[in-house]
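**Q** For reference, this is coords17.cif, and it has mmCIF, C-alpha atoms.
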```cif
data_entry
#
loop_
_atom_site.label_atom_id
_atom_site.label_comp_id
_atom_site.auth_asym_id
_atom_site.auth_seq_id
_atom_site.Cartn_x
_atom_site.Cartn_y
_atom_site.Cartn_z
CA MET A 1 0.00 0.00 0.00
CA THR A 2 1.40 3.41 -1.01
CA GLN A 3 1.78 5.88 1.85
CA HIS A 4 1.00 9.48 0.98
CA ILE A 5 3.03 12.16 2.76
CA THR A 6 1.27 15.44 3.46
CA PRO A 7 3.37 18.37 2.17
CA LYS A 8 4.14 21.03 4.75
CA VAL A 9 3.79 24.68 3.78
CA VAL A 10 4.97 27.42 6.13
CA VAL A 11 3.71 30.95 5.52
CA VAL A 12 6.03 33.53 7.08
CA GLY A 13 4.08 36.69 7.81
CA GLY A 14 0.44 37.13 8.78
CA GLY A 15 -0.40 40.38 7.02
CA TYR A 16 -2.79 40.80 4.10
CA SER A 17 -0.68 38.70 1.74
CA GLY A 18 0.29 35.94 4.17
CA THR A 19 -3.21 35.47 5.56
CA LEU A 20 -4.79 35.33 2.10
CA ALA A 21 -2.11 32.95 0.84
CA ALA A 22 -2.58 30.59 3.79
CA ASN A 23 -6.33 30.47 3.19
CA HIS A 24 -5.91 30.04 -0.57
CA LEU A 25 -3.69 26.99 -0.04
CA ARG A 26 -6.75 25.17 1.24
CA MET A 27 -8.13 24.95 -2.31
CA ARG A 28 -6.82 21.39 -2.55
CA GLY A 29 -9.29 19.08 -0.88
CA ASP A 30 -7.68 15.79 -1.94
CA TRP A 31 -5.15 13.57 -0.18
CA ASN A 32 -2.33 15.85 -1.33
CA ALA A 33 -3.66 18.96 0.42
CA PRO A 34 -0.87 20.70 2.37
CA ASP A 35 -0.37 21.03 6.09
CA ILE A 36 -0.34 24.82 6.64
CA THR A 37 1.44 26.81 9.36
CA LEU A 38 1.27 30.60 9.58
CA ILE A 39 4.07 32.30 11.53
CA ASN A 40 3.45 35.84 12.74
CA PRO A 41 5.03 37.90 15.55
CA ARG A 42 1.66 39.16 16.81
CA PRO A 43 -1.38 37.17 18.01
CA LYS A 44 -3.73 39.46 16.10
CA PHE A 45 -4.00 40.65 12.50
CA VAL A 46 -3.14 44.32 11.94
CA GLU A 47 -5.12 46.45 9.47
CA ARG A 48 -2.16 48.46 8.22
CA ILE A 49 -4.39 50.54 5.94
CA ARG A 50 -6.05 51.84 9.13
CA LEU A 51 -2.95 52.69 11.17
CA HIS A 52 -3.30 56.43 10.54
CA GLN A 53 -6.76 56.15 12.07
CA PHE A 54 -5.39 54.14 14.98
CA ALA A 55 -2.69 56.75 15.65
CA ALA A 56 -5.36 59.45 15.69
CA GLY A 57 -7.42 57.43 18.18
CA ASN A 58 -10.24 56.73 15.72
CA TYR A 59 -9.92 52.97 15.23
CA ASP A 60 -8.61 49.80 16.89
CA ALA A 61 -6.89 48.32 13.75
CA THR A 62 -6.44 44.81 15.19
CA VAL A 63 -8.56 41.75 14.36
CA ASP A 64 -8.58 38.30 15.92
CA TYR A 65 -7.13 35.66 13.59
CA GLY A 66 -9.93 33.30 14.60
CA SER A 67 -12.25 35.13 12.21
CA LEU A 68 -9.70 35.36 9.39
CA LEU A 69 -8.01 31.95 9.16
CA GLY A 70 -9.67 28.87 7.72
CA SER A 71 -9.94 25.59 9.61
CA GLY A 72 -6.79 23.53 9.89
CA ILE A 73 -4.32 26.43 9.63
CA LYS A 74 -1.93 26.47 12.59
CA LEU A 75 -0.96 29.91 13.90
CA VAL A 76 2.49 30.16 15.51
CA VAL A 77 3.02 33.47 17.32
CA ASP A 78 6.77 33.97 16.94
CA THR A 79 9.31 35.77 14.76
CA ALA A 80 11.15 33.98 11.95
CA THR A 81 14.87 34.72 12.20
CA ARG A 82 16.26 32.51 9.42
CA ILE A 83 15.12 30.17 6.68
CA ASP A 84 17.49 27.20 6.65
CA THR A 85 17.07 26.13 3.04
CA ALA A 86 19.50 23.22 3.38
CA ASN A 87 17.53 21.55 6.17
CA ARG A 88 14.15 23.02 5.18
CA THR A 89 13.35 24.60 8.51
CA VAL A 90 12.26 28.07 9.55
CA GLU A 91 14.17 29.10 12.68
CA LEU A 92 12.29 31.16 15.26
CA ALA A 93 13.28 33.77 17.83
CA SER A 94 12.04 31.46 20.59
CA GLY A 95 14.74 28.95 19.66
CA SER A 96 12.43 26.42 18.05
CA ALA A 97 12.07 25.65 14.35
CA VAL A 98 9.32 24.59 11.95
CA ASP A 99 9.90 22.05 9.18
CA TYR A 100 8.68 22.83 5.68
CA ASP A 101 8.46 21.50 2.15
CA TYR A 102 7.61 24.96 0.82
CA VAL A 103 7.76 28.46 2.27
CA ILE A 104 5.55 31.38 1.28
CA TYR A 105 7.65 34.43 2.09
CA ALA A 106 5.19 37.19 3.05
CA VAL A 107 7.05 39.28 5.64
CA GLY A 108 5.67 42.54 4.22
CA SER A 109 7.27 45.95 4.60
CA THR A 110 7.91 48.48 7.34
CA GLY A 111 8.48 52.19 7.76
CA VAL A 112 12.08 53.36 7.42
CA VAL A 113 13.59 56.42 9.05
CA PRO A 114 16.85 57.25 7.22
CA ALA A 115 20.04 57.16 9.25
CA SER A 116 21.34 59.96 7.02
CA VAL A 117 18.96 62.46 8.64
CA PRO A 118 20.36 63.43 12.07
CA GLY A 119 17.88 62.94 14.88
CA ALA A 120 15.28 61.17 12.73
CA ALA A 121 15.83 57.73 14.26
CA GLU A 122 15.67 59.17 17.79
CA PHE A 123 12.84 61.67 17.49
CA ALA A 124 10.67 60.89 14.45
CA TYR A 125 7.65 58.60 14.53
CA PRO A 126 7.13 56.14 11.66
CA ILE A 127 3.63 54.75 11.26
CA ALA A 128 3.88 51.57 9.17
CA GLU A 129 3.77 49.06 12.07
CA LEU A 130 1.30 48.61 14.93
CA GLU A 131 3.97 49.24 17.57
CA GLN A 132 5.06 52.40 15.76
CA ALA A 133 1.46 53.61 15.58
CA GLN A 134 0.98 52.83 19.29
CA ARG A 135 4.02 54.94 20.14
CA LEU A 136 2.74 57.81 17.99
CA ARG A 137 -0.76 57.56 19.45
CA ALA A 138 0.64 57.85 22.98
CA ALA A 139 2.68 60.90 21.97
CA LEU A 140 -0.34 62.58 20.39
CA ASP A 141 -2.50 61.80 23.43
CA ASP A 142 0.00 63.65 25.62
CA LEU A 143 0.16 66.62 23.26
CA HIS A 144 -1.61 69.94 23.71
CA PRO A 145 -4.17 70.42 20.90
CA ASP A 146 -2.36 73.55 19.71
CA ALA A 147 1.09 71.96 19.58
CA PRO A 148 2.58 71.78 16.06
CA VAL A 149 2.71 68.40 14.31
CA THR A 150 4.93 67.78 11.27
CA VAL A 151 4.28 64.96 8.80
CA VAL A 152 7.28 64.21 6.56
CA GLY A 153 6.37 62.58 3.25
CA GLY A 154 3.93 63.76 0.61
CA GLY A 155 2.85 60.30 -0.58
CA LEU A 156 -0.44 58.60 0.21
CA THR A 157 0.49 57.62 3.76
CA GLY A 158 1.60 61.16 4.59
CA ILE A 159 -1.54 62.69 3.10
CA GLU A 160 -3.81 60.32 5.01
CA ALA A 161 -1.99 60.92 8.30
CA ALA A 162 -1.90 64.72 7.89
CA THR A 163 -5.61 64.99 7.11
CA GLU A 164 -6.56 62.61 9.93
CA PHE A 165 -4.70 64.69 12.51
CA ALA A 166 -5.80 68.04 11.07
CA GLU A 167 -9.44 67.03 11.14
CA GLN A 168 -9.07 66.76 14.92
CA GLY A 169 -8.05 70.41 15.00
CA ARG A 170 -4.30 69.86 15.27
CA LYS A 171 -1.85 72.28 13.66
CA VAL A 172 -0.27 70.13 10.96
CA THR A 173 2.52 70.83 8.49
CA LEU A 174 3.00 68.38 5.59
CA VAL A 175 6.53 68.33 4.17
CA CYS A 176 6.51 66.68 0.74
CA GLY A 177 10.18 66.78 -0.18
CA GLY A 178 9.44 67.17 -3.88
CA ARG A 179 5.81 66.87 -4.89
CA LEU A 180 2.46 66.37 -3.19
CA GLY A 181 0.85 63.04 -4.08
CA PRO A 182 3.33 61.96 -6.79
CA THR A 183 1.15 59.04 -7.93
CA LEU A 184 -1.92 61.24 -8.44
CA SER A 185 -2.89 63.06 -11.63
CA VAL A 186 -2.47 66.83 -11.79
CA PRO A 187 -6.23 67.42 -11.28
CA GLY A 188 -6.28 64.86 -8.46
CA ARG A 189 -3.34 66.56 -6.80
CA ARG A 190 -5.11 69.92 -6.98
CA SER A 191 -8.19 68.38 -5.35
CA VAL A 192 -6.13 66.97 -2.48
CA ALA A 193 -4.41 70.35 -2.06
CA LYS A 194 -7.81 72.04 -1.71
CA THR A 195 -8.85 69.60 1.03
CA LEU A 196 -5.55 70.13 2.84
CA ALA A 197 -6.08 73.89 2.65
CA ARG A 198 -9.62 73.52 4.00
CA LEU A 199 -8.22 71.55 6.94
CA ARG A 200 -5.56 74.28 7.42
CA VAL A 201 -2.66 71.93 6.74
CA ALA A 202 0.46 73.90 5.79
CA VAL A 203 1.89 72.12 2.73
CA LEU A 204 5.61 72.56 2.02
CA GLU A 205 5.81 70.86 -1.35
CA THR A 206 9.49 71.20 -2.29
CA ASP A 207 11.06 71.56 1.15
CA VAL A 208 13.33 68.81 2.49
CA VAL A 209 13.89 67.96 6.17
CA THR A 210 17.59 67.52 6.97
CA GLU A 211 17.42 67.16 10.76
CA VAL A 212 14.83 66.21 13.37
CA ARG A 213 15.03 67.62 16.88
CA PRO A 214 12.85 66.80 19.90
CA ASP A 215 10.90 70.02 19.39
CA ALA A 216 11.69 71.10 15.83
CA VAL A 217 12.63 70.15 12.28
CA VAL A 218 15.47 71.68 10.29
CA PHE A 219 15.24 72.23 6.54
CA GLU A 220 17.77 72.15 3.72
CA ASP A 221 17.98 75.95 3.64
CA GLY A 222 18.74 76.06 7.39
CA ALA A 223 15.24 77.13 8.45
CA VAL A 224 14.01 75.73 11.77
CA ARG A 225 10.30 75.14 12.42
CA PRO A 226 8.77 74.08 15.76
CA SER A 227 7.48 70.49 15.81
CA ALA A 228 6.24 68.86 19.00
CA VAL A 229 5.74 65.55 17.14
CA THR A 230 7.34 64.65 13.81
CA VAL A 231 5.73 61.79 11.88
CA TRP A 232 7.94 60.12 9.25
CA THR A 233 6.16 58.52 6.28
CA ALA A 234 8.79 59.15 3.58
CA GLY A 235 9.89 55.64 2.81
CA PHE A 236 9.37 51.90 3.14
CA GLY A 237 11.80 49.08 3.80
CA VAL A 238 11.54 45.33 4.28
CA PRO A 239 12.72 42.90 6.99
CA ASP A 240 16.14 41.38 6.39
CA LEU A 241 15.01 37.74 6.71
CA ALA A 242 15.75 36.88 3.07
CA ALA A 243 19.27 38.30 3.20
CA ALA A 244 19.89 36.65 6.60
CA SER A 245 18.87 33.35 5.00
CA GLY A 246 21.34 33.70 2.14
CA LEU A 247 18.66 34.32 -0.49
CA GLY A 248 19.08 36.84 -3.29
CA THR A 249 17.52 40.25 -2.71
CA ASP A 250 17.28 43.61 -4.42
CA SER A 251 18.90 46.80 -3.13
CA ILE A 252 16.49 47.23 -0.18
CA GLY A 253 16.12 43.55 0.71
CA ARG A 254 13.10 42.35 -1.26
CA LEU A 255 13.34 38.70 -2.30
CA LEU A 256 14.35 38.32 -5.95
CA THR A 257 11.94 36.01 -7.77
CA ASP A 258 11.07 34.86 -11.26
CA GLU A 259 7.72 35.46 -12.95
CA THR A 260 6.06 32.71 -10.90
CA LEU A 261 7.09 34.52 -7.66
CA THR A 262 9.61 31.75 -6.94
CA SER A 263 12.97 32.67 -5.41
CA VAL A 264 15.75 32.73 -7.99
CA ASP A 265 17.86 30.75 -5.50
CA ASP A 266 15.45 28.13 -4.17
CA PRO A 267 12.33 26.68 -5.89
CA ARG A 268 10.81 25.88 -2.50
CA VAL A 269 10.62 29.56 -1.44
CA ILE A 270 7.82 31.62 -3.01
CA ALA A 271 7.25 35.31 -2.26
CA ALA A 272 4.09 37.37 -1.97
CA GLY A 273 3.33 41.00 -1.22
CA ASP A 274 5.60 43.96 -0.45
CA CYS A 275 8.69 41.80 0.10
CA ALA A 276 8.70 40.38 -3.47
CA SER A 277 10.82 41.69 -6.33
CA PRO A 278 9.74 39.71 -9.41
CA SER A 279 12.40 39.85 -12.14
CA GLY A 280 14.05 42.63 -10.15
CA GLU A 281 11.07 44.95 -10.74
CA PRO A 282 9.22 45.46 -7.43
CA LEU A 283 5.56 46.36 -7.37
CA ARG A 284 3.84 49.10 -5.41
CA MET A 285 4.00 48.45 -1.67
CA CYS A 286 0.31 48.43 -0.81
CA CYS A 287 -2.64 46.26 0.16
CA ALA A 288 -3.76 45.97 -3.48
CA SER A 289 -0.45 44.35 -4.43
CA ALA A 290 -0.54 42.03 -1.43
CA SER A 291 -4.06 40.80 -2.13
CA GLN A 292 -3.29 40.05 -5.78
CA LEU A 293 0.06 38.32 -5.26
CA ALA A 294 -1.13 36.21 -2.32
CA PRO A 295 -3.42 33.75 -4.18
CA GLN A 296 -0.96 33.50 -7.06
CA ALA A 297 1.92 32.64 -4.71
CA ALA A 298 -0.31 29.97 -3.17
CA ASN A 299 -1.14 28.67 -6.66
CA THR A 300 2.57 28.40 -7.44
CA VAL A 301 3.04 26.23 -4.34
CA LEU A 302 0.02 24.07 -5.21
CA SER A 303 1.34 23.63 -8.75
CA ARG A 304 4.72 22.49 -7.48
CA ILE A 305 3.08 20.05 -5.08
CA ALA A 306 1.03 18.66 -7.96
CA GLY A 307 4.09 18.49 -10.22
CA THR A 308 2.70 20.92 -12.79
CA ALA A 309 4.24 24.10 -14.18
CA PRO A 310 3.25 27.21 -12.17
CA ALA A 311 1.73 30.17 -14.01
CA ARG A 312 3.32 33.58 -14.46
CA PHE A 313 1.76 36.08 -12.11
CA GLU A 314 -0.55 38.85 -13.30
CA TYR A 315 -1.24 42.18 -11.69
CA GLY A 316 -2.95 45.54 -12.08
CA ILE A 317 -3.97 48.57 -10.04
CA PRO A 318 -6.53 50.64 -11.98
CA ALA A 319 -7.33 53.06 -9.13
CA GLN A 320 -6.20 54.51 -5.81
CA CYS A 321 -8.62 55.45 -3.03
CA ILE A 322 -7.33 57.74 -0.31
CA SER A 323 -8.99 58.90 2.90
CA LEU A 324 -8.74 62.62 3.66
CA GLY A 325 -9.95 62.47 7.23
CA ARG A 326 -13.27 60.88 8.11
CA ARG A 327 -15.42 63.15 5.95
CA ALA A 328 -13.59 63.30 2.62
CA GLY A 329 -11.54 61.21 0.22
CA ILE A 330 -10.38 60.89 -3.35
CA LEU A 331 -10.74 58.03 -5.82
CA GLN A 332 -8.01 58.46 -8.42
CA LEU A 333 -8.61 56.41 -11.55
CA GLY A 334 -5.75 55.08 -13.61
CA ARG A 335 -4.52 52.64 -16.19
CA MET A 336 -4.00 48.99 -15.31
CA ASN A 337 -0.23 49.62 -15.03
CA ASP A 338 -0.82 51.84 -11.98
CA THR A 339 -0.39 55.22 -13.68
CA ALA A 340 -3.00 57.91 -13.07
CA VAL A 341 -5.36 59.43 -15.64
CA ASN A 342 -7.02 62.84 -15.36
CA LEU A 343 -10.21 61.46 -13.84
CA TYR A 344 -11.02 61.30 -10.16
CA PHE A 345 -13.90 61.50 -7.71
CA SER A 346 -13.76 63.30 -4.39
CA GLY A 347 -15.87 64.40 -1.45
CA ARG A 348 -18.00 62.73 1.20
CA LEU A 349 -19.15 59.91 -1.06
CA THR A 350 -15.53 58.99 -1.73
CA ALA A 351 -14.91 58.83 2.03
CA LYS A 352 -17.69 56.26 2.22
CA ILE A 353 -16.17 54.36 -0.70
CA LYS A 354 -12.80 54.23 1.08
CA GLU A 355 -14.49 52.98 4.24
CA ALA A 356 -16.28 50.31 2.19
CA ILE A 357 -12.95 49.26 0.65
CA CYS A 358 -11.35 48.90 4.09
CA LYS A 359 -14.28 46.85 5.39
CA GLY A 360 -14.43 44.91 2.13
CA THR A 361 -10.79 43.91 2.47
CA LEU A 362 -11.54 42.10 5.73
CA TRP A 363 -14.73 40.69 4.24
CA GLY A 364 -12.73 39.28 1.33
CA MET A 365 -10.21 37.67 3.67
CA ARG A 366 -12.99 36.05 5.69
CA ARG A 367 -14.62 34.84 2.48
CA GLU A 368 -11.36 33.25 1.34
CA ALA A 369 -11.19 31.49 4.72
CA ARG A 370 -14.69 30.09 4.20
CA LYS A 371 -14.41 29.49 0.47
CA PRO A 372 -10.80 29.06 -0.70
CA GLY A 373 -10.32 30.28 -4.26
CA SER A 374 -12.72 33.21 -4.06
CA THR A 375 -9.99 35.90 -4.19
CA PHE A 376 -9.50 37.51 -7.61
CA TRP A 377 -6.74 39.47 -9.28
CA PHE A 378 -6.52 41.58 -12.42
CA LYS A 379 -5.50 39.44 -15.34
CA GLY A 380 -3.78 40.38 -18.56
CA GLY A 381 -2.44 43.67 -17.25
CA PRO A 382 0.96 45.16 -18.18
CA ARG A 383 4.10 43.83 -16.55
CA PRO A 384 5.67 45.77 -13.66
CA THR A 385 8.47 47.00 -15.93
CA GLU A 386 5.85 49.32 -17.40
CA VAL A 387 5.12 50.95 -14.00
CA ALA A 388 6.49 54.46 -13.65
CA PRO A 389 9.43 54.68 -11.17
CA GLU A 390 7.66 57.21 -8.96
CA VAL A 391 4.84 54.71 -8.44
CA VAL A 392 7.03 51.97 -7.03
CA THR A 393 9.04 54.27 -4.78
CA GLN A 394 6.40 56.56 -3.33
CA ALA A 395 5.66 56.44 0.38
#
```
Written as structure tokens, that's how I'd like the structure from this file.
**A**
Amino acid sequence: MTQHITPKVVVVGGGYSGTLAANHLRMRGDWNAPDITLINPRPKFVERIRLHQFAAGNYDATVDYGSLLGSGIKLVVDTATRIDTANRTVELASGSAVDYDYVIYAVGSTGVVPASVPGAAEFAYPIAELEQAQRLRAALDDLHPDAPVTVVGGGLTGIEAATEFAEQGRKVTLVCGGRLGPTLSVPGRRSVAKTLARLRVAVLETDVVTEVRPDAVVFEDGAVRPSAVTVWTAGFGVPDLAAASGLGTDSIGRLLTDETLTSVDDPRVIAAGDCASPSGEPLRMCCASASQLAPQAANTVLSRIAGTAPARFEYGIPAQCISLGRRAGILQLGRMNDTAVNLYFSGRLTAKIKEAICKGTLWGMRREARKPGSTFWFKGGPRPTEVAPEVVTQA
């Protein structure tokens, strides 16, 4: 009698991409269905697209995994420190290890405060992680309502944070360091500027912060402006797990993969989300990328288990929806290759659309847990080499 061995798949990272990928792996209902383990450093899922709300005190931003993970998926609350590809184990901070046949690498991204800016690491507040947002929330709670707040970074995260704080009556300055909303169209950018003006946000579009002090920021021209709290949103980075594991990465540490999202160094390691660099051309670091790459990474694993050729991944982002506080927003339409067109919608209705998208993201994850295979992605879109550089680097 032939004995069938259940393949073991370890998903490293329990964000949008990792959670969706773990659920999608359950599509196989036959004897060859994988044993699935999800490793995450926190016991709860974090809604990263809500962290600006959390920092402002408007939202919890954590969700119990019990409602998001399908039956049979084991959750290990720990931090992966190394993938031992020779012995096929994922080593953990606790000292233990988890065996695998395949790894889905979904460690995500994090906020980066540049070491080249004096004082930034000590005094600035990034907002890309729950712990960072908790630290910022505590600082804002202790702040006098009239104290000046500086948000560094004119990308989508900076705009959302600045408007969220300003709507509460705080005195906010947004320092763009080049251009406000670089991924928006010119008309869309003007619309956002009008909302910022209405909320009395001082926008410094071309100014660059060169130093952060406990109570001020210093600019390239030597000007010093008071800043009781400085929020840093001007850049993303990724955990160094891939590099620490001896796997090939790009210049900031994203795992280098082929067009099936498979590591160029090891066919048993498949990447999904912000930490992937397919063919050396990374995609936008956002929830939309994570949700599209996740099921395709899982499909690559399932194909390899079945002994069939995995498919090339497909991808597209035809729109961006941004919250501008709780009462306004903008829906910027674009081409499938994630470049904006001169068509957008704004106002209160758009704020409701953004709220529906945030709620719908969780709804979609829960649906994938109940019905594996329900997640969709845009098919037949342009390759990431056709994405404008400012799109893939914006904060």
**Q** Check which residues satisfy the PyMOL selection byres ((chain A and resi 290) around 9) in the file shown, then give them as a list in words.
**A** Gly15, Tyr16, Ser17, Gly18, Leu20, Ala106, Gly108, Ala272, Gly273, Asp274, Met285, Cys286, Cys287, Ala288, Ser289, Ser291, Gln292, Leu293 and Ala294 of chain A
**Q** With all atoms listed in the file as the basis for distance, which of A:Ser251, A:Thr110, A:Asn58, A:Asn23 is at the shortest distance from A:Gly72?
**A** A:Asn23
**Q** For the structure provided, state which residues fall under the PyMOL selection byres ((chain A and resi 329) around 6), and present them as a ChimeraX atom specification.
**A** /A:322-324,328,330,346-347,350-351
**Q** Mind writing the picked residues with C-alpha atoms as an mmCIF file, in the coordinates of the input?
**A**
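This went into result.cif:
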```
data_model
loop_
_atom_site.group_PDB
_atom_site.id
_atom_site.type_symbol
_atom_site.label_atom_id
_atom_site.label_comp_id
_atom_site.auth_asym_id
_atom_site.auth_seq_id
_atom_site.Cartn_x
_atom_site.Cartn_y
_atom_site.Cartn_z
ATOM 1 C CA ILE A 322 -7.330 57.740 -0.310
ATOM 2 C CA SER A 323 -8.990 58.900 2.900
ATOM 3 C CA LEU A 324 -8.740 62.620 3.660
ATOM 4 C CA ALA A 328 -13.590 63.300 2.620
ATOM 5 C CA ILE A 330 -10.380 60.890 -3.350
ATOM 6 C CA SER A 346 -13.760 63.300 -4.390
ATOM 7 C CA GLY A 347 -15.870 64.400 -1.450
ATOM 8 C CA THR A 350 -15.530 58.990 -1.730
ATOM 9 C CA ALA A 351 -14.910 58.830 2.030
#
```
**Q** Measuring atom to atom with all atoms listed in the file, identify which of A:Ala242, A:Leu362, A:Val152, A:Ile357 is nearest to A:Ile83.
**A**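 Result for the nearest residue to A:Ile83: A:Ala242.
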**Q** What would the selection look like, as number ranges by chain, if the PyMOL selection byres ((chain A and resi 222) around 12) were run on the coordinates I just shared?
**A** A: 207-211, 217-221, 223-225
**Q** Counting all atoms listed in the file, what is within 8 Å of A:Arg366, bar same-chain residues fewer than 3 positions away, as a PyMOL selection string?
**A** chain A and resi 67-69+362-363+369-370
**Q** Between atom CA of A:Val112 and atom CA of A:Tyr65, what is the distance in Å, rounded to a tenth?
**A**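 Computed distance, atom CA of A:Val112 to atom CA of A:Tyr65, equals 26.8 Å.
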**Q** Of the candidates A:Leu241, A:Ile270, A:Ala80, A:Leu199, which one gets nearest to A:Leu302 if we count only C-alpha atoms?
**A**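 Using only C-alpha atoms, the shortest distance to A:Leu302 belongs to A:Ile270.
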